[in-house]
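As structure tokens, the structure follows; a few thoughts come after it.
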Amino acid sequence: MKTLICYFSGTGNTKKVVDKYAQQFEENGWEIDLQNIEKEMTFDCSDYDSIGIAYPVHAFNAPSIVVDFCKKLPKLQEKKQLYIIKTSGEPLKINNISSTKIKRILKRKNYVLQNEYHYVMPYNMIFRHSNAMAYKMWNTAERLIPIDCKEIIDKKETKLSYFPLSTPISWVMRIEHWGGRFNGKKYKVNEKCVHCQKCVRDCPTHNITIDEEGNFHFGNNCLMCMRCSFMCPVDAFKIGWFNSWKVNGKYVFDDPDNTEQKSHKNFCKHSYKKYFKKSEEKISKNAEKSNTENKKDVKI
Ligand SMILES: Cc1cc2nc3c(=O)[nH]c(=O)nc-3n(C[C@H](O)[C@H](O)[C@H](O)COP(=O)(O)O)c2cc1C
């Protein structure tokens, strides 16, 4: 069997999850190809048994680059299995609605949604999670992915539930798609800049240019993915109206140091607790099931 995951990742969280999926598919004997949505499409969907779409939630929606990519995907002659993988900074149920638009587009083209999974990963905007929290999030996702990947392989349908009010909220929040473009023009780089031009090279829409005098120019195509300001090695960015929500610097995912100060320890406390509890339940239920199956195999 052969699968293709088409992904977008602003600052690496979604890519981290996608890489773990790729490893799991391979371990289960599946062939897997990865298509970065930012780049030109190099694969033909009709060559695959199933297609995955992976993205970070932006304002309770899929980023515009993902929506545009889905619009460009070819209509298939026959129905094909579709799975969606997404990451977001908080586990609020309203994030479950984020795939509505792409699901509608893809359904018309014969991509039939069978599984959708949502992993909580550290915020790349709004505030910085502690490294201990980043560790906990990744440690949870890392143990869920093998189980979820097996569900995709076994064609065990899994969908995310949402409450009806999510629909109008997510619809209104799609304002982010053009609001981001407008805000992107307000980005500034301060005197800390060392002119490494990492931001220019890495911008997914080539929206940043530097003129001969070394002045930065920001075009109309900002996706608000935060790659430029998050990855800036000297934290030289000002991100327009949302500057107080800026997060700079990669997370450390392998440091479970719980003594670290958590400045937002009460933010969505119950939602995170529920997410981790539900995840642990799924992980232990799966471990019990495998133990029983192993025992049966030994008896045979
Ligand atoms: C513009 C923007 C909007 C976001 N909106 C949401 C949101 O609505 N809900 C949420 O939980 N996280 C939100 N986040 C956080 C990201 O979804 C989260 O950090 C994600 O894991 C980033 O993935 P990436 O590194 O692959 O880009 C937002 C981030 C950005 C930059």
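In the structure tokens, chains take letters A, B, ... by order of appearance, with residues numbered from 1 within each chain and ligands from 1 in the order shown.
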Exercise. May I have the residues within 6 Å of ligand 1, computed using only C-alpha atoms and all ligand atoms, as a PyMOL selection string?
Key: chain A and resi 9-15+56-60+87-90+95+121-125+224-226
Given the selection you just returned, output its residues as a file containing N, CA and C atoms, formatted as a short mmCIF file (atom, residue, chain, number, x, y, z; two decimals), in the first residue's frame.
```cif
data_model
loop_
_atom_site.label_atom_id
_atom_site.label_comp_id
_atom_site.auth_asym_id
_atom_site.auth_seq_id
_atom_site.Cartn_x
_atom_site.Cartn_y
_atom_site.Cartn_z
N SER A 9 3.65 23.34 7.26
CA SER A 9 4.06 23.56 8.64
C SER A 9 4.80 24.89 8.71
N GLY A 10 4.24 25.84 9.46
CA GLY A 10 4.88 27.15 9.56
C GLY A 10 6.18 27.08 10.32
N THR A 11 6.15 26.46 11.51
CA THR A 11 7.31 26.52 12.39
C THR A 11 7.80 25.14 12.85
N GLY A 12 7.33 24.09 12.22
CA GLY A 12 7.91 22.77 12.45
C GLY A 12 7.08 21.79 13.26
N ASN A 13 6.05 22.26 13.99
CA ASN A 13 5.27 21.32 14.81
C ASN A 13 4.57 20.27 13.96
N THR A 14 3.90 20.74 12.92
CA THR A 14 3.15 19.80 12.08
C THR A 14 4.10 18.86 11.36
N LYS A 15 5.26 19.39 10.94
CA LYS A 15 6.25 18.55 10.24
C LYS A 15 6.75 17.44 11.18
N PRO A 56 -1.30 23.18 10.48
CA PRO A 56 -1.51 23.77 11.81
C PRO A 56 -2.82 24.58 11.80
N VAL A 57 -3.58 24.52 12.87
CA VAL A 57 -4.82 25.30 12.95
C VAL A 57 -4.46 26.79 13.06
N HIS A 58 -5.08 27.59 12.22
CA HIS A 58 -4.92 29.06 12.28
C HIS A 58 -6.29 29.67 12.48
N ALA A 59 -6.50 30.29 13.62
CA ALA A 59 -7.78 30.95 13.92
C ALA A 59 -8.97 30.01 13.65
N PHE A 60 -8.88 28.82 14.18
CA PHE A 60 -9.94 27.79 14.08
C PHE A 60 -10.22 27.36 12.65
N THR A 87 -2.36 20.12 13.94
CA THR A 87 -1.79 20.47 15.24
C THR A 87 -2.34 21.83 15.64
N SER A 88 -2.43 22.05 16.95
CA SER A 88 -2.85 23.38 17.41
C SER A 88 -2.30 23.58 18.82
N GLY A 89 -2.31 24.83 19.24
CA GLY A 89 -1.68 25.17 20.53
C GLY A 89 -2.53 24.87 21.74
N GLU A 90 -3.86 24.91 21.57
CA GLU A 90 -4.71 24.58 22.73
C GLU A 90 -5.73 23.54 22.30
N ASN A 95 -11.47 23.92 17.94
CA ASN A 95 -10.45 23.65 16.90
C ASN A 95 -10.85 22.47 16.01
N MET A 121 0.20 20.84 20.24
CA MET A 121 1.65 21.12 20.19
C MET A 121 1.84 22.56 20.68
N PRO A 122 3.06 22.93 21.05
CA PRO A 122 3.23 24.27 21.66
C PRO A 122 2.91 25.41 20.70
N TYR A 123 2.38 26.45 21.30
CA TYR A 123 2.01 27.65 20.53
C TYR A 123 3.22 28.26 19.82
N ASN A 124 3.01 28.64 18.56
CA ASN A 124 4.03 29.46 17.87
C ASN A 124 3.57 30.92 17.81
N MET A 125 2.46 31.18 18.46
CA MET A 125 1.95 32.55 18.57
C MET A 125 1.04 32.58 19.80
N MET A 224 0.81 34.57 7.88
CA MET A 224 0.86 34.59 9.35
C MET A 224 1.32 33.24 9.90
N CYS A 225 2.22 32.57 9.19
CA CYS A 225 2.68 31.25 9.66
C CYS A 225 3.69 31.41 10.78
N MET A 226 4.28 32.62 10.91
CA MET A 226 5.20 32.99 11.97
C MET A 226 6.61 32.46 11.79
#
```
Quiz item: Could you pull out all residues of stretch 207-298 of chain A with a DSSP call of helix (DSSP H, G or I) and give them as a VMD selection string?
Solution: chain A and resid 227 to 231 240 to 245 269 to 298
Quiz item: Leaving out A:Cys45 and any residue of its chain fewer than 4 positions from it, which residues lie within 10 Å of it when counting only C-alpha atoms, given as a ChimeraX atom specification?
Solution: /A:3-4,41,49-51,73-76,80
Practice problem: Quick one: everything within 9 Å of A:Leu106, counting only C-alpha atoms, minus sequence neighbours fewer than 2 positions away in the same chain. Send it as a PyMOL selection string. | Solution: chain A and resi 70-71+73+75+82+101-104+108-113
Long-range neighbours of A:Leu165 as a CSV table (one decimal) with N, CA and C atoms, in the first residue's frame, 12 Å cut-off, only C-alpha atoms, 2 positions minimum in chain:
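Saved as selection_19.csv:
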```
chain,number,residue,atom,x,y,z
A,93,LYS,N,-12.3,22.4,22.0
A,93,LYS,CA,-13.0,21.6,21.0
A,93,LYS,C,-13.3,22.4,19.8
A,94,ILE,N,-13.4,23.7,19.9
A,94,ILE,CA,-13.7,24.5,18.7
A,94,ILE,C,-12.7,24.3,17.6
A,95,ASN,N,-11.5,23.9,17.9
A,95,ASN,CA,-10.5,23.7,16.9
A,95,ASN,C,-10.8,22.5,16.0
A,96,ASN,N,-11.8,21.6,16.5
A,96,ASN,CA,-12.2,20.5,15.7
A,96,ASN,C,-12.9,20.9,14.4
A,97,ILE,N,-13.4,22.1,14.4
A,97,ILE,CA,-14.2,22.5,13.2
A,97,ILE,C,-13.3,22.9,12.1
A,162,TYR,N,-17.8,18.2,17.1
A,162,TYR,CA,-17.8,19.6,17.4
A,162,TYR,C,-19.2,20.1,17.7
A,163,PHE,N,-19.2,21.2,18.5
A,163,PHE,CA,-20.6,21.7,18.8
A,163,PHE,C,-21.0,22.7,17.7
A,167,THR,N,-19.4,26.4,13.9
A,167,THR,CA,-19.4,26.7,12.5
A,167,THR,C,-19.4,28.2,12.3
A,168,PRO,N,-20.4,29.0,12.8
A,168,PRO,CA,-20.3,30.4,12.6
A,168,PRO,C,-19.0,31.1,13.1
A,169,ILE,N,-18.5,30.6,14.3
A,169,ILE,CA,-17.3,31.2,14.8
A,169,ILE,C,-16.1,31.0,13.9
A,170,SER,N,-16.0,29.8,13.4
A,170,SER,CA,-14.8,29.5,12.5
A,170,SER,C,-15.0,30.3,11.2
A,171,TRP,N,-16.3,30.4,10.7
A,171,TRP,CA,-16.5,31.2,9.5
A,171,TRP,C,-16.1,32.6,9.7
A,172,VAL,N,-16.4,33.2,10.8
A,172,VAL,CA,-16.1,34.6,11.1
A,172,VAL,C,-14.5,34.7,11.2
```
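Shell of A:Gly179 at 12 Å, with only C-alpha atoms counted and residues fewer than 3 places along the chain excluded, is His58, Ala59, Ser64, Val172, Met173, Arg174, Ile175, Glu176, Phe182, Asn183, Gly184, Lys185, Lys186, Asn220, Asn221, Cys222, Leu223, Met224, Gly240, Trp241 and Phe242 of chain A.
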Practice problem: Excluding A:Lys192 and any residue of its chain fewer than 6 positions from it, enumerate the residues within 9 Å of it, using only C-alpha atoms, and give them as a ChimeraX atom specification. | Solution: /A:234-237
Export C-alpha atoms of the chosen residues as a CSV table (one decimal), in the first residue's frame?
```csv
chain,number,residue,atom,x,y,z
A,234,VAL,CA,18.2,37.4,17.0
A,235,ASP,CA,14.5,38.1,17.6
A,236,ALA,CA,14.5,41.2,15.4
A,237,PHE,CA,10.9,41.0,14.2
```
Quiz prompt | Those of stretch 28-130 of chain A in DSSP strand (DSSP E), formatted as a ChimeraX atom specification | solution = /A:31-36,50-56,80-88,111-120
Each residue of stretch 144-197 of chain A with at least one atom at most 10 Å from stretch 276-299 of chain A should appear once, together with its nearest atom pair and the corresponding distance in Å (one decimal); atoms considered: only C-alpha atoms; ordering: chain, then increasing residue number; output as a tab-separated table.
```
residue	atom	partner	partner_atom	distance
A:Leu144	CA	A:Ile283	CA	6.4
A:Ile145	CA	A:Ile283	CA	9.8
A:Pro146	CA	A:Ile283	CA	9.7
A:Ile147	CA	A:Asn286	CA	7.3
A:Asp148	CA	A:Lys282	CA	9.9
```
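Atom CA of A:Trp245 sits 24.7 Å away from atom CA of A:Ala141.
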Could you make a table, as a Markdown table, of the residues of stretch 62-171 of chain A that have an atom within 12 Å of an atom of stretch 20-40 of chain A, each with its nearest atom pair and distance in Å to one decimal, counting only C-alpha atoms, in chain and number order?
```
| residue | atom | partner | partner_atom | distance |
| --- | --- | --- | --- | --- |
| A:Pro63 | CA | A:Ile37 | CA | 11.2 |
| A:Ser64 | CA | A:Ile37 | CA | 11.2 |
| A:Ile65 | CA | A:Ile37 | CA | 7.6 |
| A:Val66 | CA | A:Ile37 | CA | 7.1 |
| A:Val67 | CA | A:Ile37 | CA | 10.3 |
| A:Asp68 | CA | A:Ile37 | CA | 9.6 |
| A:Phe69 | CA | A:Ile37 | CA | 6.8 |
| A:Cys70 | CA | A:Ile37 | CA | 9.6 |
| A:Lys72 | CA | A:Ile37 | CA | 10.9 |
| A:Leu73 | CA | A:Ile37 | CA | 10.9 |
| A:Tyr83 | CA | A:Tyr21 | CA | 11.8 |
| A:Ile84 | CA | A:Tyr21 | CA | 11.8 |
| A:Ile85 | CA | A:Tyr21 | CA | 9.6 |
| A:Tyr117 | CA | A:Tyr21 | CA | 11.5 |
| A:Trp138 | CA | A:Lys20 | CA | 10.7 |
| A:Asn139 | CA | A:Lys20 | CA | 11.7 |
| A:Ala141 | CA | A:Lys20 | CA | 9.2 |
| A:Glu142 | CA | A:Lys20 | CA | 7.2 |
| A:Arg143 | CA | A:Lys20 | CA | 9.9 |
| A:Leu144 | CA | A:Tyr21 | CA | 10.2 |
| A:Ile145 | CA | A:Tyr21 | CA | 6.4 |
| A:Pro146 | CA | A:Gln24 | CA | 5.9 |
| A:Ile147 | CA | A:Gln24 | CA | 9.3 |
| A:Asp148 | CA | A:Tyr21 | CA | 8.9 |
| A:Cys149 | CA | A:Tyr21 | CA | 6.6 |
| A:Lys150 | CA | A:Asn28 | CA | 8.0 |
| A:Glu151 | CA | A:Phe25 | CA | 11.1 |
| A:Ile152 | CA | A:Phe25 | CA | 9.5 |
| A:Ile153 | CA | A:Phe25 | CA | 8.1 |
| A:Asp154 | CA | A:Asn28 | CA | 10.8 |
```
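Using only C-alpha atoms, the smallest distance between any of A:Val252, A:Val194, A:Val247, A:Cys6 and A:Phe127 comes from A:Val247.
Pairwise distance (atom CA of A:Lys79, atom CA of A:Ile5) equals 16.9 Å.
Among A:Ser166, A:Thr158, A:Ser229, A:Asn258, the residue with the shortest atom-to-atom distance to A:Tyr187, counting only C-alpha atoms, is A:Ser229.
You can rank A:Lys136, A:Ser46, A:Asn115, A:Phe218 by their closest distance to A:Lys155 using only C-alpha atoms, and at the top of that list sits A:Asn115.
Across the model, the gap from atom CA of A:Tyr251 to atom CA of A:Thr140 is 15.7 Å.
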